[in-house]
Amino acid sequence: MTATDKQAAKLPDVPAGAEVATLGAGCFWCIEAAYRQLDGVYSATSGYMGGTVSDPTYEQICSGDSGHAEVVRVVFNPLKISYAKILSWFWKLHDPTTLNRQGNDVGTQYRSVIFVESEAQKKLAEASKAEAKAEFSDPIVTEITQASAFYPAENYHQNYYNENKSKNPYCRFVIEPKLKKLKLDH
């Protein structure tokens with residue numbers, strides 16, 4: 001791994017008229033791989049949000065002491081895909097009934113969380129969560145909270161699935177089945 005790989009990625013551009021959704025649903029590699037494929041999404045960037053450490057590293061996130069969640073910042077064109085549709089994918093991409101856990105990934109960094117950018121997003125997120133309850137037998141534990149500073153993850157985390165699917169077992173055994181289930185490219 002080069003020094004460039006370990007550097008934080010750039011903040012994603014937000015074109016005029018675009019909107020931003022920041023979502024935590026377990027490992028960011030999984031949800032980034034899905035959101036990158038949706039029509040109307042300009043970018044999906046893996047990163048960290050919700051903690052107390054400025055400019056955190058992946059190692060700090062993994063310690064569980066930073067307070068940050070692994071998230072994906074989705075920049076999208078609301079004329080092609082609505083925030084409500086972004087949220088409908090969120091509920092499909094993970095199990096929002098498990099506290100601080102997705103499969104074998106355990107810790108507060110894997111919590112289910114919707115970071116909202118506005119009061120309008122908060123209302124839509126709450127309505128979406130209420131609607132999603134019908135799809136799950138257990139209570140949804142997803143947090144809905146105000147967005148804070150977004151810290152892009154290191155370059156080697158960006159587009160991870162596409163860059164590593166042939167060589168990383170996690171990609172083949174965790175991410176690929178999820179993409180297949182959702183009828184997305186794998």
# chains A, B, ... in the order shown; residues from 1 in each chain; ligands from 1
call {"tool": "residues_around", "arguments": {"residues": "region 53-66 of chain A", "least_positions_apart": "5", "cutoff": "7 Å", "atoms": "only C-alpha atoms", "output": "short mmCIF file (atom, residue, chain, number, x, y, z; two decimals) with C-alpha atoms, in the first residue's frame"}}
result
data_model
loop_
_atom_site.label_atom_id
_atom_site.label_comp_id
_atom_site.auth_asym_id
_atom_site.auth_seq_id
_atom_site.Cartn_x
_atom_site.Cartn_y
_atom_site.Cartn_z
CA GLY A 107 -19.01 -2.06 17.20
CA THR A 108 -20.51 1.42 17.35
CA GLN A 109 -18.70 2.25 14.09
CA TYR A 151 -14.29 12.94 6.96
#
call {"tool": "closest_atom_pairs", "arguments": {"of": "region 115-176 of chain A", "to": "region 17-27 of chain A", "cutoff": "8 Å", "atoms": "only C-alpha atoms", "output": "Markdown table"}}
result
| residue | atom | partner | partner_atom | distance |
| --- | --- | --- | --- | --- |
| A:Phe115 | CA | A:Thr22 | CA | 5.4 |
| A:Val116 | CA | A:Ala21 | CA | 7.0 |
| A:Glu117 | CA | A:Ala21 | CA | 7.4 |
| A:Ala147 | CA | A:Thr22 | CA | 7.5 |
call {"tool": "residues_around", "arguments": {"residues": "Tyr35 (chain A)", "least_positions_apart": "4", "cutoff": "10 Å", "atoms": "only C-alpha atoms", "output": "short mmCIF file (atom, residue, chain, number, x, y, z; two decimals) with N, CA and C atoms, in the first residue's frame"}}
result
data_model
loop_
_atom_site.label_atom_id
_atom_site.label_comp_id
_atom_site.auth_asym_id
_atom_site.auth_seq_id
_atom_site.Cartn_x
_atom_site.Cartn_y
_atom_site.Cartn_z
N CYS A 30 -19.87 -2.04 1.67
CA CYS A 30 -21.10 -2.67 1.18
C CYS A 30 -22.08 -1.67 0.59
N ILE A 31 -22.34 -0.60 1.32
CA ILE A 31 -23.36 0.33 0.83
C ILE A 31 -22.82 1.24 -0.28
N ASP A 39 -28.99 5.14 -10.68
CA ASP A 39 -29.14 6.24 -11.63
C ASP A 39 -29.49 7.52 -10.87
N GLY A 40 -28.76 8.57 -11.13
CA GLY A 40 -28.99 9.84 -10.47
C GLY A 40 -27.99 10.11 -9.35
N VAL A 41 -27.16 9.13 -9.00
CA VAL A 41 -26.14 9.33 -7.97
C VAL A 41 -24.86 9.79 -8.66
N TYR A 42 -24.39 10.97 -8.24
CA TYR A 42 -23.14 11.50 -8.79
C TYR A 42 -21.94 10.79 -8.18
N SER A 43 -21.98 10.59 -6.85
CA SER A 43 -20.86 9.96 -6.16
C SER A 43 -21.32 9.32 -4.87
N ALA A 44 -20.56 8.33 -4.45
CA ALA A 44 -20.75 7.67 -3.15
C ALA A 44 -19.35 7.55 -2.56
N THR A 45 -19.11 8.25 -1.46
CA THR A 45 -17.79 8.33 -0.86
C THR A 45 -17.81 7.73 0.53
N VAL A 72 -21.42 6.42 4.24
CA VAL A 72 -21.24 6.76 2.83
C VAL A 72 -21.97 8.07 2.58
N ARG A 73 -21.25 9.00 2.00
CA ARG A 73 -21.84 10.29 1.62
C ARG A 73 -22.27 10.16 0.16
N VAL A 74 -23.57 10.23 -0.06
CA VAL A 74 -24.16 10.06 -1.39
C VAL A 74 -24.54 11.44 -1.92
N VAL A 75 -23.94 11.82 -3.02
CA VAL A 75 -24.29 13.08 -3.70
C VAL A 75 -25.17 12.68 -4.88
N PHE A 76 -26.37 13.25 -4.93
CA PHE A 76 -27.33 12.79 -5.94
C PHE A 76 -28.11 13.95 -6.56
N ILE A 86 -33.45 7.22 -2.06
CA ILE A 86 -32.15 6.94 -1.43
C ILE A 86 -32.39 6.20 -0.11
N TRP A 89 -33.52 2.50 -0.44
CA TRP A 89 -32.37 1.62 -0.64
C TRP A 89 -31.65 1.37 0.68
N PHE A 90 -31.54 2.38 1.51
CA PHE A 90 -30.87 2.25 2.81
C PHE A 90 -31.47 1.09 3.60
N LEU A 93 -30.38 -2.30 2.24
CA LEU A 93 -28.94 -2.58 2.23
C LEU A 93 -28.39 -3.14 3.54
N LEU A 184 -28.31 -5.87 -8.44
CA LEU A 184 -27.36 -4.86 -8.89
C LEU A 184 -26.16 -5.58 -9.50
#
call {"tool": "residues_around", "arguments": {"residues": "Asn162 (chain A)", "least_positions_apart": "4", "cutoff": "12 Å", "atoms": "only C-alpha atoms", "output": "list in words"}}
result
Trp29, Cys30, Glu32, Ala33, Ala34, Arg36, Gln37, Tyr156, His157, Gln158, Ser166, Lys167, Asn168, Cys171, Arg172, Ile175, Glu176, Leu179, Asp185 and His186 of chain A
call {"tool": "write_last_selection", "arguments": {"atoms": "N, CA and C atoms", "output": "short mmCIF file (atom, residue, chain, number, x, y, z; two decimals), in the first residue's frame"}}
result
data_model
loop_
_atom_site.label_atom_id
_atom_site.label_comp_id
_atom_site.auth_asym_id
_atom_site.auth_seq_id
_atom_site.Cartn_x
_atom_site.Cartn_y
_atom_site.Cartn_z
N TRP A 29 -18.00 -0.29 2.72
CA TRP A 29 -17.74 -0.91 1.42
C TRP A 29 -19.02 -1.47 0.81
N CYS A 30 -19.87 -2.04 1.67
CA CYS A 30 -21.10 -2.67 1.18
C CYS A 30 -22.08 -1.67 0.59
N GLU A 32 -21.53 1.53 -0.24
CA GLU A 32 -20.94 2.32 -1.32
C GLU A 32 -21.08 1.59 -2.65
N ALA A 33 -20.83 0.28 -2.65
CA ALA A 33 -20.91 -0.52 -3.88
C ALA A 33 -22.31 -0.46 -4.49
N ALA A 34 -23.32 -0.40 -3.66
CA ALA A 34 -24.70 -0.33 -4.16
C ALA A 34 -25.05 1.08 -4.63
N ARG A 36 -23.27 3.47 -5.67
CA ARG A 36 -22.55 3.89 -6.88
C ARG A 36 -23.29 3.48 -8.15
N GLN A 37 -24.17 2.48 -8.06
CA GLN A 37 -24.84 1.96 -9.24
C GLN A 37 -26.19 2.61 -9.53
N TYR A 156 -7.71 4.01 -0.15
CA TYR A 156 -7.86 2.58 -0.43
C TYR A 156 -9.24 2.05 -0.06
N HIS A 157 -10.05 2.82 0.67
CA HIS A 157 -11.42 2.42 0.98
C HIS A 157 -12.41 2.83 -0.12
N GLN A 158 -12.01 3.74 -0.98
CA GLN A 158 -12.93 4.27 -2.00
C GLN A 158 -13.09 3.26 -3.12
N SER A 166 -12.03 -9.38 -6.79
CA SER A 166 -11.42 -10.65 -7.18
C SER A 166 -10.39 -11.14 -6.17
N LYS A 167 -9.95 -10.26 -5.27
CA LYS A 167 -8.87 -10.68 -4.37
C LYS A 167 -9.22 -10.63 -2.89
N ASN A 168 -10.36 -10.10 -2.51
CA ASN A 168 -10.71 -10.02 -1.09
C ASN A 168 -11.92 -10.89 -0.81
N CYS A 171 -15.32 -9.28 -0.04
CA CYS A 171 -16.08 -8.81 -1.20
C CYS A 171 -16.93 -9.94 -1.78
N ARG A 172 -16.33 -11.12 -1.92
CA ARG A 172 -17.04 -12.25 -2.53
C ARG A 172 -18.13 -12.81 -1.63
N ILE A 175 -20.27 -8.75 0.26
CA ILE A 175 -20.80 -7.70 -0.61
C ILE A 175 -21.49 -8.27 -1.84
N GLU A 176 -20.85 -9.21 -2.52
CA GLU A 176 -21.44 -9.76 -3.75
C GLU A 176 -22.82 -10.36 -3.55
N LEU A 179 -25.36 -7.55 -3.33
CA LEU A 179 -25.63 -6.93 -4.63
C LEU A 179 -26.50 -7.83 -5.50
N ASP A 185 -25.37 -4.85 -10.27
CA ASP A 185 -24.17 -5.45 -10.86
C ASP A 185 -23.24 -5.93 -9.76
N HIS A 186 -22.63 -7.07 -9.99
CA HIS A 186 -21.69 -7.62 -9.02
C HIS A 186 -20.51 -8.12 -9.76
#
call {"tool": "select_by_dssp", "arguments": {"residues": "region 22-129 of chain A", "states": "strand (DSSP E or B)", "output": "VMD selection string"}}
result
chain A and resid 22 to 25 41 to 49 69 to 76 101 to 102 105 to 106 112 to 116
call {"tool": "write_last_selection", "arguments": {"atoms": "C-alpha atoms", "output": "tab-separated table (two decimals), in the first residue's frame"}}
result
chain	number	residue	atom	x	y	z
A	22	THR	CA	-24.99	10.56	4.62
A	23	LEU	CA	-25.83	7.06	5.78
A	24	GLY	CA	-24.31	4.46	8.08
A	25	ALA	CA	-25.37	0.86	7.54
A	41	VAL	CA	-26.14	9.33	-7.97
A	42	TYR	CA	-23.14	11.50	-8.79
A	43	SER	CA	-20.86	9.96	-6.16
A	44	ALA	CA	-20.75	7.67	-3.15
A	45	THR	CA	-17.79	8.33	-0.86
A	46	SER	CA	-16.83	6.17	2.11
A	47	GLY	CA	-15.99	8.10	5.25
A	48	TYR	CA	-16.60	8.79	8.90
A	49	MET	CA	-19.13	10.94	10.78
A	69	ALA	CA	-19.65	5.60	12.29
A	70	GLU	CA	-18.53	4.23	8.95
A	71	VAL	CA	-20.75	6.10	6.51
A	72	VAL	CA	-21.24	6.76	2.83
A	73	ARG	CA	-21.84	10.29	1.62
A	74	VAL	CA	-24.16	10.06	-1.39
A	75	VAL	CA	-24.29	13.08	-3.70
A	76	PHE	CA	-27.33	12.79	-5.94
A	101	ARG	CA	-23.71	-4.73	14.31
A	102	GLN	CA	-24.03	-5.96	10.74
A	105	ASP	CA	-18.94	-6.48	11.87
A	106	VAL	CA	-19.49	-5.43	15.48
A	112	SER	CA	-27.35	2.09	11.64
A	113	VAL	CA	-27.68	5.86	11.29
A	114	ILE	CA	-29.13	8.51	9.00
A	115	PHE	CA	-27.32	11.83	9.29
A	116	VAL	CA	-29.73	14.54	8.12
call {"tool": "residues_around", "arguments": {"residues": "Glu154 (chain A)", "least_positions_apart": "3", "cutoff": "6 Å", "atoms": "only C-alpha atoms", "output": "PyMOL selection string"}}
result
chain A and resi 6-9+157
call {"tool": "select_by_dssp", "arguments": {"residues": "region 3-126 of chain A", "states": "helix (DSSP H, G or I)", "output": "PDB file with C-alpha atoms, in the first residue's frame"}}
result
ATOM      1  CA  ALA A   3       1.397   6.568   1.080  1.00  0.00           C
ATOM      2  CA  THR A   4      -1.226   7.945  -1.333  1.00  0.00           C
ATOM      3  CA  ASP A   5      -3.532   5.003  -0.533  1.00  0.00           C
ATOM      4  CA  LYS A   6      -3.362   5.919   3.154  1.00  0.00           C
ATOM      5  CA  PHE A  28     -19.125   1.304   4.200  1.00  0.00           C
ATOM      6  CA  TRP A  29     -17.740  -0.910   1.420  1.00  0.00           C
ATOM      7  CA  CYS A  30     -21.102  -2.674   1.179  1.00  0.00           C
ATOM      8  CA  ILE A  31     -23.356   0.334   0.832  1.00  0.00           C
ATOM      9  CA  GLU A  32     -20.937   2.324  -1.315  1.00  0.00           C
ATOM     10  CA  ALA A  33     -20.909  -0.517  -3.881  1.00  0.00           C
ATOM     11  CA  ALA A  34     -24.699  -0.332  -4.159  1.00  0.00           C
ATOM     12  CA  TYR A  35     -25.183   3.438  -4.170  1.00  0.00           C
ATOM     13  CA  TYR A  58      -9.386   3.895   9.924  1.00  0.00           C
ATOM     14  CA  GLU A  59      -7.376   2.535  12.856  1.00  0.00           C
ATOM     15  CA  GLN A  60      -9.016   5.078  15.188  1.00  0.00           C
ATOM     16  CA  ILE A  61     -12.447   4.127  13.861  1.00  0.00           C
ATOM     17  CA  CYS A  62     -11.755   0.424  14.392  1.00  0.00           C
ATOM     18  CA  SER A  63     -10.777   1.043  18.025  1.00  0.00           C
ATOM     19  CA  TYR A  83     -34.093  11.456  -1.085  1.00  0.00           C
ATOM     20  CA  ALA A  84     -37.006   9.109  -0.280  1.00  0.00           C
ATOM     21  CA  LYS A  85     -35.675   6.628  -2.875  1.00  0.00           C
ATOM     22  CA  ILE A  86     -32.150   6.940  -1.433  1.00  0.00           C
ATOM     23  CA  LEU A  87     -33.678   6.036   1.947  1.00  0.00           C
ATOM     24  CA  SER A  88     -35.673   3.124   0.525  1.00  0.00           C
ATOM     25  CA  TRP A  89     -32.371   1.617  -0.642  1.00  0.00           C
ATOM     26  CA  PHE A  90     -30.873   2.247   2.813  1.00  0.00           C
ATOM     27  CA  TRP A  91     -33.437  -0.068   4.426  1.00  0.00           C
ATOM     28  CA  LYS A  92     -32.716  -2.794   1.842  1.00  0.00           C
ATOM     29  CA  THR A 108     -20.506   1.415  17.345  1.00  0.00           C
ATOM     30  CA  GLN A 109     -18.704   2.245  14.088  1.00  0.00           C
ATOM     31  CA  TYR A 110     -21.142  -0.143  12.360  1.00  0.00           C
ATOM     32  CA  GLU A 119     -35.301  19.690   8.787  1.00  0.00           C
ATOM     33  CA  ALA A 120     -36.900  18.483   5.531  1.00  0.00           C
ATOM     34  CA  GLN A 121     -34.538  15.501   5.418  1.00  0.00           C
ATOM     35  CA  LYS A 122     -35.269  14.755   9.071  1.00  0.00           C
ATOM     36  CA  LYS A 123     -39.008  14.613   8.406  1.00  0.00           C
ATOM     37  CA  LEU A 124     -38.533  12.380   5.365  1.00  0.00           C
ATOM     38  CA  ALA A 125     -36.137  10.110   7.301  1.00  0.00           C
ATOM     39  CA  GLU A 126     -38.590   9.745  10.194  1.00  0.00           C
TER      40      GLU A 126
END
call {"tool": "atom_distance", "arguments": {"atom1": "CA of Gly51 (chain A)", "atom2": "CA of Ala127 (chain A)"}}
result
25.4 Å
call {"tool": "closest_residue", "arguments": {"among": "A:Lys165, A:Asn104, A:Ser148, A:Asp95", "to": "Glu135 (chain A)", "atoms": "only C-alpha atoms"}}
result
A:Asp95
call {"tool": "atom_distance", "arguments": {"atom1": "CA of Asp138 (chain A)", "atom2": "CA of Asn100 (chain A)"}}
result
14.7 Å
call {"tool": "residues_around", "arguments": {"residues": "Thr98 (chain A)", "least_positions_apart": "5", "cutoff": "9 Å", "atoms": "only C-alpha atoms", "output": "PDB file with C-alpha atoms, in the first residue's frame"}}
result
ATOM      1  CA  GLY A 103     -23.197  -9.651  10.440  1.00  0.00           C
ATOM      2  CA  ARG A 111     -24.304   1.426  13.762  1.00  0.00           C
ATOM      3  CA  SER A 112     -27.350   2.092  11.636  1.00  0.00           C
ATOM      4  CA  ASP A 138     -37.840  -6.669  15.318  1.00  0.00           C
ATOM      5  CA  PRO A 139     -37.772  -2.970  16.261  1.00  0.00           C
ATOM      6  CA  ILE A 140     -35.626  -0.679  14.111  1.00  0.00           C
ATOM      7  CA  VAL A 141     -32.695   0.809  16.073  1.00  0.00           C
ATOM      8  CA  THR A 142     -31.560   3.260  13.387  1.00  0.00           C
TER       9      THR A 142
END
call {"tool": "closest_residue", "arguments": {"among": "A:Pro15, A:Pro96, A:Pro78, A:Gly50", "to": "Ala132 (chain A)", "atoms": "only C-alpha atoms"}}
result
A:Pro96
call {"tool": "closest_residue", "arguments": {"among": "A:Glu163, A:Glu143, A:Asn77, A:Ser137", "to": "Leu38 (chain A)", "atoms": "only C-alpha atoms"}}
result
A:Asn77
